[in-house]
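File shown here: structure20.tsv, holding TSV, C-alpha atoms.
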chain	number	residue	atom	x	y	z
A	1	MET	CA	-14.21	27.45	26.60
A	2	ARG	CA	-13.61	26.32	23.04
A	3	TRP	CA	-10.24	24.70	22.33
A	4	GLY	CA	-9.77	26.96	19.32
A	5	ILE	CA	-9.46	30.05	21.56
A	6	PHE	CA	-7.48	28.45	24.36
A	7	PRO	CA	-4.74	30.89	25.52
A	8	ALA	CA	-1.96	28.43	24.66
A	9	ALA	CA	-3.22	28.32	21.09
A	10	ALA	CA	-3.20	32.10	20.92
A	11	LEU	CA	0.41	32.15	22.11
A	12	PHE	CA	1.36	29.58	19.49
A	13	CYS	CA	-0.35	31.53	16.72
A	14	ALA	CA	1.61	34.61	17.72
A	15	ALA	CA	4.86	32.64	17.53
A	16	ALA	CA	3.91	31.15	14.17
A	17	VAL	CA	3.22	34.59	12.70
A	18	GLY	CA	6.83	35.56	13.38
A	19	ALA	CA	8.22	32.39	11.84
A	20	LYS	CA	8.97	32.04	8.15
A	21	PRO	CA	9.11	29.03	5.84
A	22	VAL	CA	12.60	27.61	5.42
A	23	LYS	CA	14.05	26.59	2.08
A	24	VAL	CA	17.68	25.61	1.62
A	25	GLU	CA	19.14	25.19	-1.87
A	26	HIS	CA	22.61	24.09	-2.98
A	27	ASP	CA	23.17	23.71	-6.72
A	28	THR	CA	26.35	22.55	-8.44
A	29	LYS	CA	27.12	20.92	-11.78
A	30	ALA	CA	26.90	17.54	-10.06
A	31	LEU	CA	23.92	18.07	-7.76
A	32	GLU	CA	20.72	20.09	-7.49
A	33	PHE	CA	19.61	20.06	-3.85
A	34	SER	CA	16.66	21.59	-2.04
A	35	TYR	CA	15.07	21.05	1.36
A	36	GLY	CA	12.19	23.02	2.82
A	37	TRP	CA	9.68	23.11	5.67
A	38	PRO	CA	6.76	25.43	6.48
A	39	ALA	CA	6.53	28.29	8.97
A	40	GLU	CA	4.38	26.17	11.30
A	41	ALA	CA	7.29	23.75	11.75
A	42	ALA	CA	9.93	26.50	11.86
A	43	ALA	CA	8.03	28.04	14.80
A	44	ILE	CA	8.75	24.95	16.92
A	45	PRO	CA	12.45	25.07	17.96
A	46	THR	CA	12.81	21.33	18.54
A	47	LEU	CA	11.23	20.48	15.19
A	48	ASP	CA	13.16	23.20	13.38
A	49	ARG	CA	16.45	21.80	14.74
A	50	ARG	CA	15.41	18.31	13.70
A	51	PHE	CA	14.79	19.37	10.12
A	52	ARG	CA	18.05	21.33	9.98
A	53	ALA	CA	19.99	18.30	11.17
A	54	ASP	CA	18.22	16.02	8.69
A	55	MET	CA	18.83	18.54	5.91
A	56	ALA	CA	22.56	18.71	6.69
A	57	LYS	CA	22.84	14.91	6.69
A	58	ALA	CA	20.90	14.59	3.42
A	59	LEU	CA	23.14	17.21	1.78
A	60	ARG	CA	26.33	15.43	2.87
A	61	GLU	CA	25.11	12.10	1.55
A	62	ALA	CA	23.75	13.53	-1.71
A	63	ARG	CA	27.02	15.37	-2.37
A	64	ALA	CA	29.07	12.24	-1.68
A	65	ASN	CA	26.88	10.11	-3.95
A	66	ALA	CA	27.03	12.65	-6.77
A	67	ARG	CA	30.82	13.00	-6.56
A	68	GLU	CA	31.27	9.23	-6.53
A	69	ASP	CA	29.02	8.77	-9.56
A	70	GLN	CA	30.72	11.65	-11.37
A	71	GLN	CA	34.15	10.10	-10.84
A	72	LEU	CA	32.88	6.68	-11.89
A	73	ALA	CA	31.38	8.12	-15.09
A	74	LYS	CA	34.72	9.71	-15.91
A	75	SER	CA	36.62	6.47	-15.35
A	76	GLN	CA	34.13	4.60	-17.55
A	77	SER	CA	34.19	7.28	-20.26
A	78	ARG	CA	30.42	7.75	-20.11
A	79	ASN	CA	28.20	10.77	-19.77
A	80	PHE	CA	27.39	11.86	-16.24
A	81	ASN	CA	23.81	12.79	-15.50
A	82	ALA	CA	23.62	15.34	-12.70
A	83	HIS	CA	21.89	14.15	-9.51
A	84	TYR	CA	19.13	15.90	-7.65
A	85	TYR	CA	17.59	15.64	-4.21
A	86	SER	CA	14.45	17.40	-3.01
A	87	MET	CA	12.66	17.12	0.32
A	88	GLN	CA	9.67	19.38	0.79
A	89	TRP	CA	7.51	19.41	3.92
A	90	ALA	CA	4.04	20.97	3.92
A	91	THR	CA	1.38	21.51	6.57
A	92	ALA	CA	-1.58	19.16	6.20
A	93	GLY	CA	-3.41	20.78	9.09
A	94	GLU	CA	-3.07	21.79	12.69
A	95	SER	CA	-5.02	22.13	15.89
A	96	ALA	CA	-3.97	23.94	19.05
A	97	ARG	CA	-2.19	20.77	20.16
A	98	LEU	CA	-1.22	18.85	17.02
A	99	LEU	CA	0.69	19.78	13.87
A	100	SER	CA	0.32	17.41	10.93
A	101	LEU	CA	2.98	17.50	8.21
A	102	GLN	CA	3.41	15.68	4.91
A	103	ASN	CA	6.51	15.45	2.77
A	104	GLU	CA	7.40	14.68	-0.82
A	105	LYS	CA	10.91	13.41	-1.46
A	106	GLY	CA	12.30	13.33	-4.96
A	107	SER	CA	15.68	12.07	-6.06
A	108	PHE	CA	17.67	11.08	-9.11
A	109	THR	CA	20.99	9.27	-8.76
A	110	GLY	CA	21.71	8.37	-12.35
A	111	GLY	CA	19.37	5.40	-12.69
A	112	ALA	CA	16.65	4.63	-15.20
A	113	HIS	CA	14.23	7.19	-13.74
A	114	PRO	CA	13.80	9.57	-10.80
A	115	ASN	CA	12.26	8.30	-7.59
A	116	THR	CA	9.49	9.88	-5.52
A	117	SER	CA	8.27	8.92	-2.07
A	118	TYR	CA	5.95	10.42	0.52
A	119	GLY	CA	6.01	10.66	4.29
A	120	ALA	CA	4.12	12.14	7.22
A	121	LEU	CA	4.87	13.42	10.70
A	122	LEU	CA	2.50	14.25	13.55
A	123	TRP	CA	3.83	16.58	16.25
A	124	ASP	CA	2.36	17.01	19.74
A	125	ARG	CA	3.08	20.55	20.89
A	126	ARG	CA	2.12	19.76	24.49
A	127	THR	CA	4.73	17.01	24.86
A	128	SER	CA	7.12	18.51	22.28
A	129	ARG	CA	7.63	15.25	20.43
A	130	GLU	CA	6.51	13.26	17.42
A	131	VAL	CA	3.57	10.93	18.05
A	132	ARG	CA	2.16	8.03	16.07
A	133	LEU	CA	-1.37	8.55	14.84
A	134	GLY	CA	-2.36	5.18	16.29
A	135	SER	CA	-1.17	6.25	19.75
A	136	LEU	CA	-3.89	8.92	19.93
A	137	PHE	CA	-6.50	6.21	20.44
A	138	ILE	CA	-7.65	4.61	23.66
A	139	ARG	CA	-7.10	1.05	22.47
A	140	SER	CA	-4.29	-0.22	20.29
A	141	GLY	CA	-5.64	-1.18	16.90
A	142	ASP	CA	-8.67	1.11	16.99
A	143	PHE	CA	-7.37	3.39	14.26
A	144	SER	CA	-6.88	0.54	11.80
A	145	ALA	CA	-10.15	-1.12	12.75
A	146	LEU	CA	-12.10	2.09	12.14
A	147	THR	CA	-10.48	3.13	8.86
A	148	HIS	CA	-9.13	0.04	7.10
A	149	SER	CA	-12.30	-1.00	5.26
A	150	ALA	CA	-13.03	2.53	4.01
A	151	TYR	CA	-9.43	3.04	2.92
A	152	CYS	CA	-9.19	-0.24	1.00
A	153	LYS	CA	-12.51	0.32	-0.80
A	154	ARG	CA	-11.50	3.82	-1.89
A	155	LEU	CA	-8.07	2.62	-2.97
A	156	ASP	CA	-9.58	-0.15	-5.09
A	157	ALA	CA	-11.91	2.38	-6.71
A	158	GLN	CA	-8.92	4.55	-7.65
A	159	ARG	CA	-7.02	1.55	-8.98
A	160	ALA	CA	-9.96	0.45	-11.14
A	161	LYS	CA	-10.32	3.92	-12.61
A	162	LYS	CA	-6.60	4.31	-13.29
A	163	ARG	CA	-6.30	0.82	-14.76
A	164	GLU	CA	-9.52	1.18	-16.74
A	165	GLY	CA	-10.79	-2.11	-15.39
A	166	ALA	CA	-7.68	-4.14	-16.27
A	167	LYS	CA	-6.38	-6.66	-13.72
A	168	LEU	CA	-2.68	-6.92	-12.91
A	169	ASP	CA	-1.10	-10.36	-12.48
A	170	LEU	CA	0.89	-9.00	-9.53
A	171	PRO	CA	-0.74	-9.83	-6.18
A	172	GLU	CA	1.16	-7.13	-4.28
A	173	PHE	CA	-0.37	-4.45	-6.49
A	174	ASN	CA	-3.91	-5.74	-5.99
A	175	GLU	CA	-3.76	-6.14	-2.21
A	176	CYS	CA	-4.45	-3.40	0.32
A	177	PRO	CA	-1.06	-2.12	1.57
A	178	LYS	CA	0.04	-2.37	5.17
A	179	TYR	CA	-0.41	0.87	7.08
A	180	SER	CA	3.30	0.77	7.92
A	181	ASP	CA	4.04	1.21	4.20
A	182	LEU	CA	1.87	4.32	3.87
A	183	ALA	CA	2.26	8.00	4.71
A	184	ILE	CA	-0.78	8.65	6.90
A	185	ALA	CA	-1.63	12.18	7.99
A	186	PRO	CA	-4.66	13.90	9.54
A	187	VAL	CA	-5.76	16.82	7.35
A	188	ASP	CA	-7.79	19.95	8.03
A	189	ARG	CA	-9.50	20.67	4.73
A	190	ASN	CA	-11.42	23.77	5.84
A	191	ASN	CA	-8.63	25.24	8.00
A	192	ASN	CA	-10.76	25.60	11.10
A	193	GLY	CA	-8.23	24.11	13.52
A	194	ARG	CA	-9.68	20.59	13.59
A	195	PHE	CA	-8.80	17.55	11.50
A	196	ASP	CA	-11.73	16.38	9.40
A	197	ALA	CA	-10.10	13.63	7.31
A	198	ILE	CA	-7.18	11.24	7.12
A	199	ASP	CA	-4.93	11.18	4.05
A	200	PHE	CA	-3.39	7.81	3.18
A	201	THR	CA	-0.62	8.19	0.58
A	202	ALA	CA	1.00	5.19	-1.07
A	203	SER	CA	4.28	6.00	-2.81
A	204	PRO	CA	5.02	4.49	-6.25
A	205	TYR	CA	5.54	0.69	-6.02
A	206	VAL	CA	3.50	0.44	-2.78
A	207	ALA	CA	-0.04	0.14	-4.17
A	208	GLY	CA	0.80	-0.16	-7.85
A	209	PRO	CA	3.64	-0.19	-10.39
A	210	TYR	CA	5.83	2.86	-10.91
A	211	VAL	CA	3.91	3.97	-13.99
A	212	GLU	CA	0.75	4.42	-11.89
A	213	GLY	CA	2.46	6.90	-9.59
A	214	ALA	CA	1.29	7.56	-6.05
A	215	TYR	CA	-2.15	6.83	-4.66
A	216	SER	CA	-3.66	9.39	-2.26
A	217	VAL	CA	-6.85	8.29	-0.55
A	218	VAL	CA	-8.77	10.61	1.79
A	219	VAL	CA	-11.06	9.05	4.41
A	220	PRO	CA	-13.40	11.37	6.36
A	221	VAL	CA	-13.22	11.44	10.15
A	222	THR	CA	-16.29	9.73	11.63
A	223	ALA	CA	-18.06	10.11	14.97
A	224	ARG	CA	-16.92	6.61	15.92
A	225	LEU	CA	-13.31	7.56	15.24
A	226	VAL	CA	-13.57	10.69	17.41
A	227	ALA	CA	-15.17	8.68	20.22
A	228	ALA	CA	-12.26	6.20	20.11
A	229	LEU	CA	-9.65	8.93	20.64
A	230	LYS	CA	-8.05	9.62	24.00
A	231	LEU	CA	-9.83	12.49	25.71
A	232	GLN	CA	-6.92	14.94	25.32
A	233	TYR	CA	-6.98	14.59	21.52
A	234	ARG	CA	-10.71	14.67	20.77
A	235	ALA	CA	-10.87	18.46	20.47
A	236	SER	CA	-8.35	18.25	17.60
A	237	PHE	CA	-10.77	16.29	15.38
A	238	GLU	CA	-14.29	16.80	14.05
A	239	ALA	CA	-16.63	14.20	12.61
A	240	GLN	CA	-18.01	14.61	9.09
A	241	ARG	CA	-21.50	13.79	7.93
A	242	GLN	CA	-21.60	10.43	6.19

Before we go any further, please render this structure as structure tokens.
Amino acid sequence: MRWGIFPAAALFCAAAVGAKPVKVEHDTKALEFSYGWPAEAAAIPTLDRRFRADMAKALREARANAREDQQLAKSQSRNFNAHYYSMQWATAGESARLLSLQNEKGSFTGGAHPNTSYGALLWDRRTSREVRLGSLFIRSGDFSALTHSAYCKRLDAQRAKKREGAKLDLPEFNECPKYSDLAIAPVDRNNNGRFDAIDFTASPYVAGPYVEGAYSVVVPVTARLVAALKLQYRASFEAQRQ
């Protein structure tokens, strides 16, 4: 029996069809706020509650920060620049067992420029909890060992193209970032229910200066990577021809 037609997957698909994307917006003169997540996440009650709680907390904090800055601007007789906060989650791919999500967070709190950062979340439907990508492998460290070289080479190629061959005198922007500083998400590029690549996203300031923006590097899933996965997760991935 193929995993893609496993009864549990069919039940999930039926639930997902009934779910709708969620987008919450609150706009005032002091703050423009939006927070959204896709139907695939809304179909999972535990995950939906998690996002609603995070959204409520983010709104409270953004409102408080905007009010404080607005009052400070008034006391200093300066112009107040309205704040904004945006958190948008999107589905990077899903299998019968795993849901991979990526987010883009944007904010402006009156500084020199807006800020953008990226994140990722991997959800195990069977255990109903978030899991680390590295924990899907039999041995600790296998994920990094099998992807690090390919990621760093592709990142350097992107840097060279963006910088037009120029070298920066900033070591941290020439080194390969730590995986802990990246948003790493499995992606299903052909939407067939199996992850065929890994997306490594470095937010501004992580792999280069702010002006260079984010760096998104996609590394194909290999046969060696699939073989290193724990048995229960192998059906969620498919190797690509190299």

Can you tell me, as a short mmCIF file (atom, residue, chain, number, x, y, z; two decimals) with C-alpha atoms, in the coordinates of the input, which residues sit within 12 Å of (6.0, 34.0, -0.3) in the file's frame, using all atoms listed in the file?
data_model
loop_
_atom_site.label_atom_id
_atom_site.label_comp_id
_atom_site.auth_asym_id
_atom_site.auth_seq_id
_atom_site.Cartn_x
_atom_site.Cartn_y
_atom_site.Cartn_z
CA LYS A 20 8.97 32.04 8.15
CA PRO A 21 9.11 29.03 5.84
CA VAL A 22 12.60 27.61 5.42
CA LYS A 23 14.05 26.59 2.08
CA PRO A 38 6.76 25.43 6.48
CA ALA A 39 6.53 28.29 8.97
#

Restricting the calculation to only C-alpha atoms, which member of A:Glu94, A:Glu212, A:Asp48, A:Glu32 is positioned closest to A:Ala19?
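Ranked by minimum distance to A:Ala19, first place goes to A:Asp48.
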
To one decimal in Å, tell me the separation between atom CA of A:Lys178 and atom CA of A:Arg125.
28.0 Å

Nearest residue to A:Ile198 out of A:Ala92, A:Arg163, A:Leu99, A:Gly213, using all atoms listed in the file?
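Nearest to A:Ile198: A:Ala92.
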
Which polymer residues have any atom within 10 Å of an atom of A:Leu170, counting all atoms listed in the file, with same-chain residues fewer than 3 positions away left out, as an mmCIF file with C-alpha atoms, in the frame of the given file?
data_model
loop_
_atom_site.group_PDB
_atom_site.id
_atom_site.type_symbol
_atom_site.label_atom_id
_atom_site.label_comp_id
_atom_site.auth_asym_id
_atom_site.auth_seq_id
_atom_site.Cartn_x
_atom_site.Cartn_y
_atom_site.Cartn_z
ATOM 1 C CA LYS A 167 -6.380 -6.660 -13.720
ATOM 2 C CA PHE A 173 -0.370 -4.450 -6.490
ATOM 3 C CA ASN A 174 -3.910 -5.740 -5.990
ATOM 4 C CA GLU A 175 -3.760 -6.140 -2.210
ATOM 5 C CA GLY A 208 0.800 -0.160 -7.850
ATOM 6 C CA PRO A 209 3.640 -0.190 -10.390
#

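Atom to atom, atom CA of A:Leu133 and atom CA of A:Leu101 stand 12.0 Å apart.
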
I want to know what sits within 6 Å of stretch 110-118 of chain A, based on all atoms listed in the file, with residues of the same chain fewer than 5 positions away left out; could you give that as a list in words?
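Near stretch 110-118 of chain A, the qualifying residues are Asn81, Asn103, Glu104, Lys105 and Ser203 of chain A.
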
Distance query A:Arg129 at most 10 Å, only C-alpha atoms, self and fewer than 5 positions along chain excluded, as a ChimeraX atom specification:
/A:46-47,122-124

Atom CA of A:Ser75 to atom CA of A:Ser34 measures 28.4 Å

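Residues within 9 Å of A:Gln70, counting only C-alpha atoms and excluding same-chain residues fewer than 5 positions away, are Ala30, Asn65, Ser75, Asn79, Phe80, Asn81 and Ala82 of chain A.
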
Limited to C-alpha atoms, could you put the picked residues into a file as a short mmCIF file (atom, residue, chain, number, x, y, z; two decimals), in the frame of the given file?
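Contents of selection-v5.cif, as written:
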data_model
loop_
_atom_site.label_atom_id
_atom_site.label_comp_id
_atom_site.auth_asym_id
_atom_site.auth_seq_id
_atom_site.Cartn_x
_atom_site.Cartn_y
_atom_site.Cartn_z
CA ALA A 30 26.90 17.54 -10.06
CA ASN A 65 26.88 10.11 -3.95
CA SER A 75 36.62 6.47 -15.35
CA ASN A 79 28.20 10.77 -19.77
CA PHE A 80 27.39 11.86 -16.24
CA ASN A 81 23.81 12.79 -15.50
CA ALA A 82 23.62 15.34 -12.70
#

From the options A:Ala73, A:Val219, A:Ala166, A:Val131, which residue's atoms come nearest to A:Tyr151, counting all atoms listed in the file?
A:Val219

Listed atoms of stretch 201-215 of chain A, axis-aligned box, 5 Å per side: centre and edge lengths to one decimal in Å, as lines of an AutoDock Vina configuration file?
center_x = 1.8
center_y = 4.0
center_z = -6.7
size_x = 18.0
size_y = 18.4
size_z = 24.6

Hey, which of A:Gln102, A:Ser140, A:Thr28, A:Ser135 ends up closest to A:Tyr85? Count all atoms listed in the file.
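Answer, going by the shortest atom-to-atom distance: A:Thr28.
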
Proximity to A:Tyr205 - best of A:Glu172, A:Ser77, A:Ala223, A:Ala120, all atoms listed in the file:
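Once distances to A:Tyr205 are computed over all atoms listed in the file, the minimum belongs to A:Glu172.
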
Keeping N, CA and C atoms (and nothing else), can you write stretch 21-58 of chain A of this structure as a CSV table (one decimal), in the first residue's frame?
chain,number,residue,atom,x,y,z
A,21,PRO,N,-8.0,29.2,5.1
A,21,PRO,CA,-6.9,30.0,5.6
A,21,PRO,C,-7.4,31.0,6.6
A,22,VAL,N,-6.5,31.4,7.5
A,22,VAL,CA,-6.9,32.4,8.5
A,22,VAL,C,-6.1,33.6,8.3
A,23,LYS,N,-6.7,34.8,8.3
A,23,LYS,CA,-6.0,36.0,8.2
A,23,LYS,C,-6.6,37.0,9.1
A,24,VAL,N,-5.9,37.5,10.1
A,24,VAL,CA,-6.4,38.5,11.1
A,24,VAL,C,-5.7,39.8,10.8
A,25,GLU,N,-6.5,40.9,10.7
A,25,GLU,CA,-6.0,42.2,10.5
A,25,GLU,C,-6.6,43.2,11.5
A,26,HIS,N,-5.7,44.1,12.0
A,26,HIS,CA,-6.1,45.1,12.9
A,26,HIS,C,-5.4,46.4,12.5
A,27,ASP,N,-6.0,47.4,12.0
A,27,ASP,CA,-5.4,48.6,11.5
A,27,ASP,C,-5.9,49.8,12.3
A,28,THR,N,-5.0,50.6,12.8
A,28,THR,CA,-5.3,51.9,13.4
A,28,THR,C,-4.3,52.9,12.9
A,29,LYS,N,-4.4,54.1,13.3
A,29,LYS,CA,-3.5,55.2,12.9
A,29,LYS,C,-2.1,54.9,13.4
A,30,ALA,N,-2.0,54.2,14.5
A,30,ALA,CA,-0.7,53.9,15.1
A,30,ALA,C,-0.1,52.6,14.6
A,31,LEU,N,-0.9,51.6,14.2
A,31,LEU,CA,-0.4,50.3,13.9
A,31,LEU,C,-1.2,49.6,12.8
A,32,GLU,N,-0.4,49.0,11.8
A,32,GLU,CA,-1.0,48.1,10.8
A,32,GLU,C,-0.6,46.7,11.1
A,33,PHE,N,-1.5,45.9,11.4
A,33,PHE,CA,-1.2,44.5,11.9
A,33,PHE,C,-1.9,43.5,11.1
A,34,SER,N,-1.1,42.4,10.7
A,34,SER,CA,-1.7,41.3,10.1
A,34,SER,C,-1.0,40.0,10.5
A,35,TYR,N,-1.8,38.9,10.5
A,35,TYR,CA,-1.2,37.6,10.9
A,35,TYR,C,-2.1,36.5,10.2
A,36,GLY,N,-1.4,35.7,9.5
A,36,GLY,CA,-2.1,34.7,8.7
A,36,GLY,C,-1.5,33.3,8.7
A,37,TRP,N,-2.3,32.2,8.5
A,37,TRP,CA,-1.7,30.9,8.4
A,37,TRP,C,-2.7,30.1,7.4
A,38,PRO,N,-2.1,29.1,6.7
A,38,PRO,CA,-2.8,28.4,5.7
A,38,PRO,C,-3.9,27.4,6.2
A,39,ALA,N,-4.7,27.0,5.3
A,39,ALA,CA,-5.8,26.0,5.6
A,39,ALA,C,-5.2,24.7,6.2
A,40,GLU,N,-4.0,24.3,5.7
A,40,GLU,CA,-3.4,23.1,6.2
A,40,GLU,C,-3.1,23.1,7.6
A,41,ALA,N,-2.7,24.3,8.1
A,41,ALA,CA,-2.4,24.5,9.6
A,41,ALA,C,-3.7,24.7,10.3
A,42,ALA,N,-4.7,25.4,9.7
A,42,ALA,CA,-6.0,25.6,10.4
A,42,ALA,C,-6.7,24.3,10.6
A,43,ALA,N,-6.4,23.3,9.8
A,43,ALA,CA,-7.1,22.0,9.9
A,43,ALA,C,-6.6,21.2,11.1
A,44,ILE,N,-5.5,21.6,11.7
A,44,ILE,CA,-5.0,20.9,12.9
A,44,ILE,C,-5.3,21.7,14.1
A,45,PRO,N,-6.3,21.3,15.0
A,45,PRO,CA,-6.7,22.1,16.1
A,45,PRO,C,-5.6,22.5,17.0
A,46,THR,N,-4.6,21.7,17.3
A,46,THR,CA,-3.5,22.1,18.2
A,46,THR,C,-2.7,23.2,17.6
A,47,LEU,N,-2.4,23.1,16.3
A,47,LEU,CA,-1.6,24.0,15.7
A,47,LEU,C,-2.4,25.3,15.5
A,48,ASP,N,-3.7,25.2,15.1
A,48,ASP,CA,-4.5,26.4,15.0
A,48,ASP,C,-4.5,27.2,16.3
A,49,ARG,N,-4.7,26.5,17.4
A,49,ARG,CA,-4.7,27.2,18.7
A,49,ARG,C,-3.4,27.9,19.0
A,50,ARG,N,-2.3,27.2,18.6
A,50,ARG,CA,-1.0,27.8,18.9
A,50,ARG,C,-0.8,29.1,18.1
A,51,PHE,N,-1.2,29.1,16.8
A,51,PHE,CA,-1.1,30.3,16.1
A,51,PHE,C,-2.0,31.4,16.6
A,52,ARG,N,-3.2,31.1,17.0
A,52,ARG,CA,-4.1,32.1,17.6
A,52,ARG,C,-3.5,32.7,18.9
A,53,ALA,N,-2.9,31.9,19.7
A,53,ALA,CA,-2.3,32.4,20.9
A,53,ALA,C,-1.1,33.3,20.6
A,54,ASP,N,-0.3,32.9,19.6
A,54,ASP,CA,0.9,33.7,19.2
A,54,ASP,C,0.4,35.0,18.6
A,55,MET,N,-0.7,34.9,17.8
A,55,MET,CA,-1.2,36.1,17.2
A,55,MET,C,-1.7,37.1,18.2
A,56,ALA,N,-2.4,36.6,19.2
A,56,ALA,CA,-2.9,37.5,20.3
A,56,ALA,C,-1.8,38.2,21.0
A,57,LYS,N,-0.7,37.4,21.3
A,57,LYS,CA,0.4,37.9,22.0
A,57,LYS,C,1.1,39.0,21.2
A,58,ALA,N,1.3,38.7,19.9
A,58,ALA,CA,2.0,39.6,19.0
A,58,ALA,C,1.2,40.9,18.9
